[in-house]
Amino acid sequence: MLIIVMGATVALQKAFVPKFGLDLAGGTTVTLSPVLANGKTPSQESLDRAVTIIRQRVNGTGISDAQVAKSNDNIVIQIPGAGRDEALKLVSTTAELRMRQVLAVAAAKAPPVQPSTAAPTPSGSAAASPAASPGVASTAKASAAPSGNATPAGRALSKALTAPTPEPSETKRARTSGGRAAKASPSASASASAAPSSSAAPEDAGDPLAGQDTSGIDQALLTDFRTIDCSAKNRGQGALDDPNKQIVACSDDGSARYILDKAAVQGTEISGAQAGTDPTTGEWIVQVNFKSKGATQFADITRRITSLPAPRNQLANVLDGVVIVAPTIEEAIPGGSARISGSFTQVTATDLADQLKYGALPLKFKQSSVVSVSSTLGQDQLRGGLISGAIGLIIVMLYLLLYYRGLGVIGMASLCVAAIVTFLTVDVLSHNAGFRLSLPHIIGLVVSIGITADSFIVYFERIRDEIKEGRRTLRSAVEVAWRRARRTILVADAVMFIAAVVLYFLAVGDVAGFAFAMGLTTLMDVVVVFLFTKPLMSLVARMRFFAKGHKLSGLDAERMGRTGRAEQTLQEA
């Protein structure tokens, strides 16, 4: 049944060949060199921490077979197979999250001014109810002239911002915590227009700051904000922004530009992050948990900005210099946890959670070299590994057949089943858990052939011992021998499995791969012996060929050295 289920899984996924590691399928070797502003040599402590974080990122599943190691002051990463572009991006980013209040926001590029045919309004902005309170989501009515002071929220600008005549739009949930909700309101800045600040920028449709409050913003940032091009390919990703200074930043999709205040909460105050779905809306979110200090800081900033007019009631989440989401905060969010959302997919939510969970790199790195490894050598190694495995399997089978004869056939069948189950397990893990078969794995699998055969030998010898004593028939000997042999098999496999687990967690790279293969085949040995070998042995014990001690059964009197009484007992069976 197990083989059928796993075989069906492989067939449905059309995954008939496992994925290979760098030494078998080729891949990429990346050398990262640290970049320090003062040009000094990085400390070994910071390099060790960077190696640990990068290894956690690359081997997020623990068995993806990528290798990360120090080489002098550099870090060398070996990434097998396809998908190396995503891995390169992952290991190169610093993943430093900062939460900053939004001071101003506009489209990536100012929309072209179009002539209006309707009667102009005094402010050129959306009409708002005088009773409207800041921070509460509202809808905007279409105005006669294009408005440049719309407030985007979430991950991208809404149509109300970019369209010359904005239409009413619905609000969407952008952040919740402990049952409290903060919504992103993709509407025109009705609140800001209803109560304009005395320091608001002049009403100029060509100015991205038109109608927005610019008080408290450095003049140099205002100039940068007007000139920055967020539609460019390089939007400042990976920039080391100063948490103690205001900055100009782009959204990660390049649709908006922001002026952001000093960091209110830093990524070092995050204790964990996990991707999941909102049970109410079904949208993908990232759950972020804060440490004690971070929880207090987050509650303070949400409490302070909730009553401010848009866009200053938005809290931008900045990752490596770009804004990933900027929801509107409608009420204070205490409790030490928050949820980030905004058009996430499963992939993007998981990527963000992994980056935040595995922490920020203590150093900024550049890719000093990227070398691709040919798969030709890997194919030769794979062929050699498979040939050595086949030779080992054949030798063990011949030994079982020559020494145990009929019982050896049962052992050979058990080895074949073990090989099939192991292959299917490796294949399923390869396509569902990030596992990649490498040469150390093959070595571990080949070595485990003898370990698996040893379990059969223990059982067979117990059966022969019971029969030699002449007090039992073959059927009773099979059952009594199993009760004694299974303890020995379980103890031996437990010792082997514990050794494999310890070696796996204490070692890295090739040695860890060898330990993983040993542990896997040890588990498969227990499964095969209990679910196949023992039931098959109970079945053949009913056959006259074995029950009567045929000379080719492996239980004949000459081979076992039975006494006359023992032989008579077996014949009576």
# chains A, B, ... in the order shown; residues from 1 in each chain; ligands from 1
$ residues_around --residues "segment 512-516 of chain A" --least-positions-apart "3" --cutoff "12 Å" --atoms "only C-alpha atoms" --output "number ranges by chain"
A: 21, 62-67, 426, 435-448, 496-509, 519-523
$ residues_around --residues "Glu479 of chain A" --least-positions-apart "2" --cutoff "12 Å" --atoms "only C-alpha atoms" --output "JSON, numbers by chain"
{"A": [459, 460, 462, 463, 466, 467, 472, 473, 474, 475, 476, 477, 481, 482, 483, 484, 485, 486, 534, 535, 537, 538, 539, 541]}
$ closest_residue --among "A:Ala338, A:Val265, A:Leu552, A:Ile333" --to "Asn289 of chain A" --atoms "only C-alpha atoms"
A:Ala338
$ residues_around --residues "Ile395 of chain A" --least-positions-apart "2" --cutoff "12 Å" --atoms "only C-alpha atoms" --output "PDB file with N, CA and C atoms, in the first residue's frame"
ATOM      1  N   SER A 388      28.265   1.460  -8.712  1.00  0.00           N
ATOM      2  CA  SER A 388      28.766   0.903  -7.448  1.00  0.00           C
ATOM      3  C   SER A 388      27.614   0.395  -6.583  1.00  0.00           C
ATOM      4  N   GLY A 389      26.488   1.122  -6.584  1.00  0.00           N
ATOM      5  CA  GLY A 389      25.327   0.665  -5.830  1.00  0.00           C
ATOM      6  C   GLY A 389      24.770  -0.633  -6.367  1.00  0.00           C
ATOM      7  N   ALA A 390      24.703  -0.746  -7.698  1.00  0.00           N
ATOM      8  CA  ALA A 390      24.192  -1.977  -8.313  1.00  0.00           C
ATOM      9  C   ALA A 390      25.111  -3.152  -8.015  1.00  0.00           C
ATOM     10  N   ILE A 391      26.422  -2.925  -8.079  1.00  0.00           N
ATOM     11  CA  ILE A 391      27.374  -4.005  -7.789  1.00  0.00           C
ATOM     12  C   ILE A 391      27.233  -4.461  -6.342  1.00  0.00           C
ATOM     13  N   GLY A 392      27.129  -3.502  -5.420  1.00  0.00           N
ATOM     14  CA  GLY A 392      26.968  -3.854  -4.008  1.00  0.00           C
ATOM     15  C   GLY A 392      25.694  -4.634  -3.756  1.00  0.00           C
ATOM     16  N   LEU A 393      24.604  -4.220  -4.403  1.00  0.00           N
ATOM     17  CA  LEU A 393      23.329  -4.905  -4.226  1.00  0.00           C
ATOM     18  C   LEU A 393      23.400  -6.340  -4.770  1.00  0.00           C
ATOM     19  N   MET A 397      22.988  -9.848  -2.659  1.00  0.00           N
ATOM     20  CA  MET A 397      21.963 -10.813  -3.064  1.00  0.00           C
ATOM     21  C   MET A 397      22.566 -12.188  -3.339  1.00  0.00           C
ATOM     22  N   LEU A 398      23.714 -12.228  -3.980  1.00  0.00           N
ATOM     23  CA  LEU A 398      24.380 -13.506  -4.246  1.00  0.00           C
ATOM     24  C   LEU A 398      24.763 -14.194  -2.943  1.00  0.00           C
ATOM     25  N   TYR A 399      25.239 -13.420  -1.985  1.00  0.00           N
ATOM     26  CA  TYR A 399      25.598 -13.988  -0.685  1.00  0.00           C
ATOM     27  C   TYR A 399      24.372 -14.601  -0.019  1.00  0.00           C
ATOM     28  N   LEU A 400      23.261 -13.848  -0.020  1.00  0.00           N
ATOM     29  CA  LEU A 400      22.026 -14.358   0.592  1.00  0.00           C
ATOM     30  C   LEU A 400      21.555 -15.634  -0.108  1.00  0.00           C
ATOM     31  N   LEU A 401      21.658 -15.643  -1.419  1.00  0.00           N
ATOM     32  CA  LEU A 401      21.174 -16.786  -2.184  1.00  0.00           C
ATOM     33  C   LEU A 401      22.049 -18.027  -1.954  1.00  0.00           C
ATOM     34  N   LEU A 402      23.365 -17.849  -1.915  1.00  0.00           N
ATOM     35  CA  LEU A 402      24.273 -18.976  -1.740  1.00  0.00           C
ATOM     36  C   LEU A 402      24.247 -19.524  -0.320  1.00  0.00           C
ATOM     37  N   MET A 412      16.302 -11.331  -0.811  1.00  0.00           N
ATOM     38  CA  MET A 412      16.455 -10.584  -2.057  1.00  0.00           C
ATOM     39  C   MET A 412      15.195  -9.776  -2.369  1.00  0.00           C
ATOM     40  N   LEU A 415      15.158  -6.801  -0.128  1.00  0.00           N
ATOM     41  CA  LEU A 415      16.096  -5.766  -0.587  1.00  0.00           C
ATOM     42  C   LEU A 415      15.518  -4.991  -1.773  1.00  0.00           C
ATOM     43  N   VAL A 446      24.355   3.415  -0.612  1.00  0.00           N
ATOM     44  CA  VAL A 446      25.090   2.187  -0.937  1.00  0.00           C
ATOM     45  C   VAL A 446      25.554   1.487   0.339  1.00  0.00           C
ATOM     46  N   ILE A 449      22.988  -0.654   2.249  1.00  0.00           N
ATOM     47  CA  ILE A 449      22.552  -1.965   1.728  1.00  0.00           C
ATOM     48  C   ILE A 449      22.936  -3.066   2.705  1.00  0.00           C
ATOM     49  N   GLY A 450      24.166  -3.002   3.207  1.00  0.00           N
ATOM     50  CA  GLY A 450      24.610  -4.001   4.173  1.00  0.00           C
ATOM     51  C   GLY A 450      23.840  -3.918   5.479  1.00  0.00           C
ATOM     52  N   ALA A 453      20.444  -5.552   4.899  1.00  0.00           N
ATOM     53  CA  ALA A 453      20.574  -7.010   4.823  1.00  0.00           C
ATOM     54  C   ALA A 453      20.834  -7.612   6.198  1.00  0.00           C
TER      55      ALA A 453
END
$ residues_around --residues "Lys14 of chain A" --least-positions-apart "4" --cutoff "12 Å" --atoms "only C-alpha atoms" --output "PyMOL selection string"
chain A and resi 7-10+18+427-428+431
$ residues_around --residues "Thr345 of chain A" --least-positions-apart "3" --cutoff "7 Å" --atoms "only C-alpha atoms" --output "list in words"
Trp284, Thr348 and Ala349 of chain A
$ atom_distance --atom1 "atom CA of Asp465 of chain A" --atom2 "atom CA of Cys416 of chain A"
26.1 Å
$ residues_around --residues "Gly282 of chain A" --least-positions-apart "4" --cutoff "12 Å" --atoms "only C-alpha atoms" --output "MDAnalysis selection string"
chainID A and resid 173 276:278 341 343:346
$ residues_around --residues "Thr227 of chain A" --least-positions-apart "3" --cutoff "10 Å" --atoms "only C-alpha atoms" --output "list in words"
Ala108, Lys109, Pro208, Leu221, Leu222, Thr223, Asp224 and Cys230 of chain A
$ write_last_selection --atoms "all heavy atoms" --output "PDB file, in the first residue's frame"
ATOM      1  N   ALA A 108       4.993  57.111  -9.146  1.00  0.00           N
ATOM      2  CA  ALA A 108       6.400  56.997  -9.502  1.00  0.00           C
ATOM      3  C   ALA A 108       6.824  58.119 -10.432  1.00  0.00           C
ATOM      4  O   ALA A 108       7.897  58.689 -10.316  1.00  0.00           O
ATOM      5  CB  ALA A 108       6.674  55.645 -10.157  1.00  0.00           C
ATOM      6  N   LYS A 109       5.945  58.448 -11.389  1.00  0.00           N
ATOM      7  CA  LYS A 109       6.148  59.588 -12.262  1.00  0.00           C
ATOM      8  C   LYS A 109       4.872  60.405 -12.262  1.00  0.00           C
ATOM      9  O   LYS A 109       3.780  59.851 -12.242  1.00  0.00           O
ATOM     10  CB  LYS A 109       6.482  59.137 -13.685  1.00  0.00           C
ATOM     11  CG  LYS A 109       7.880  58.583 -13.853  1.00  0.00           C
ATOM     12  CD  LYS A 109       8.175  58.296 -15.321  1.00  0.00           C
ATOM     13  CE  LYS A 109       9.609  57.817 -15.505  1.00  0.00           C
ATOM     14  NZ  LYS A 109       9.925  57.544 -16.923  1.00  0.00           N
ATOM     15  N   PRO A 208       4.420  66.731  -7.603  1.00  0.00           N
ATOM     16  CA  PRO A 208       3.931  65.558  -6.866  1.00  0.00           C
ATOM     17  C   PRO A 208       3.591  65.867  -5.422  1.00  0.00           C
ATOM     18  O   PRO A 208       2.889  65.075  -4.775  1.00  0.00           O
ATOM     19  CB  PRO A 208       5.098  64.578  -6.969  1.00  0.00           C
ATOM     20  CG  PRO A 208       6.302  65.424  -7.202  1.00  0.00           C
ATOM     21  CD  PRO A 208       5.818  66.571  -8.037  1.00  0.00           C
ATOM     22  N   LEU A 221      15.372  66.500   0.813  1.00  0.00           N
ATOM     23  CA  LEU A 221      14.528  65.342   0.522  1.00  0.00           C
ATOM     24  C   LEU A 221      13.394  65.704  -0.419  1.00  0.00           C
ATOM     25  O   LEU A 221      12.982  64.904  -1.262  1.00  0.00           O
ATOM     26  CB  LEU A 221      13.969  64.749   1.816  1.00  0.00           C
ATOM     27  CG  LEU A 221      14.968  64.050   2.735  1.00  0.00           C
ATOM     28  CD1 LEU A 221      14.265  63.528   3.984  1.00  0.00           C
ATOM     29  CD2 LEU A 221      15.655  62.901   2.007  1.00  0.00           C
ATOM     30  N   LEU A 222      12.871  66.935  -0.291  1.00  0.00           N
ATOM     31  CA  LEU A 222      11.803  67.371  -1.195  1.00  0.00           C
ATOM     32  C   LEU A 222      12.308  67.409  -2.635  1.00  0.00           C
ATOM     33  O   LEU A 222      11.603  67.016  -3.566  1.00  0.00           O
ATOM     34  CB  LEU A 222      11.293  68.748  -0.771  1.00  0.00           C
ATOM     35  CG  LEU A 222      10.630  68.828   0.614  1.00  0.00           C
ATOM     36  CD1 LEU A 222      10.229  70.273   0.929  1.00  0.00           C
ATOM     37  CD2 LEU A 222       9.408  67.921   0.671  1.00  0.00           C
ATOM     38  N   THR A 223      13.558  67.862  -2.789  1.00  0.00           N
ATOM     39  CA  THR A 223      14.148  67.890  -4.131  1.00  0.00           C
ATOM     40  C   THR A 223      14.353  66.468  -4.658  1.00  0.00           C
ATOM     41  O   THR A 223      14.034  66.171  -5.814  1.00  0.00           O
ATOM     42  CB  THR A 223      15.495  68.629  -4.093  1.00  0.00           C
ATOM     43  OG1 THR A 223      15.292  69.969  -3.603  1.00  0.00           O
ATOM     44  CG2 THR A 223      16.112  68.697  -5.483  1.00  0.00           C
ATOM     45  N   ASP A 224      14.884  65.594  -3.801  1.00  0.00           N
ATOM     46  CA  ASP A 224      15.076  64.202  -4.214  1.00  0.00           C
ATOM     47  C   ASP A 224      13.749  63.544  -4.566  1.00  0.00           C
ATOM     48  O   ASP A 224      13.665  62.756  -5.513  1.00  0.00           O
ATOM     49  CB  ASP A 224      15.759  63.418  -3.095  1.00  0.00           C
ATOM     50  CG  ASP A 224      17.190  63.882  -2.846  1.00  0.00           C
ATOM     51  OD1 ASP A 224      17.761  64.536  -3.749  1.00  0.00           O
ATOM     52  OD2 ASP A 224      17.722  63.594  -1.752  1.00  0.00           O
ATOM     53  N   CYS A 230      11.131  56.148  -9.801  1.00  0.00           N
ATOM     54  CA  CYS A 230      10.888  54.825  -9.230  1.00  0.00           C
ATOM     55  C   CYS A 230      10.505  53.788 -10.275  1.00  0.00           C
ATOM     56  O   CYS A 230      10.333  52.609  -9.952  1.00  0.00           O
ATOM     57  CB  CYS A 230       9.791  54.901  -8.160  1.00  0.00           C
ATOM     58  SG  CYS A 230      10.324  55.735  -6.653  1.00  0.00           S
TER      59      CYS A 230
END
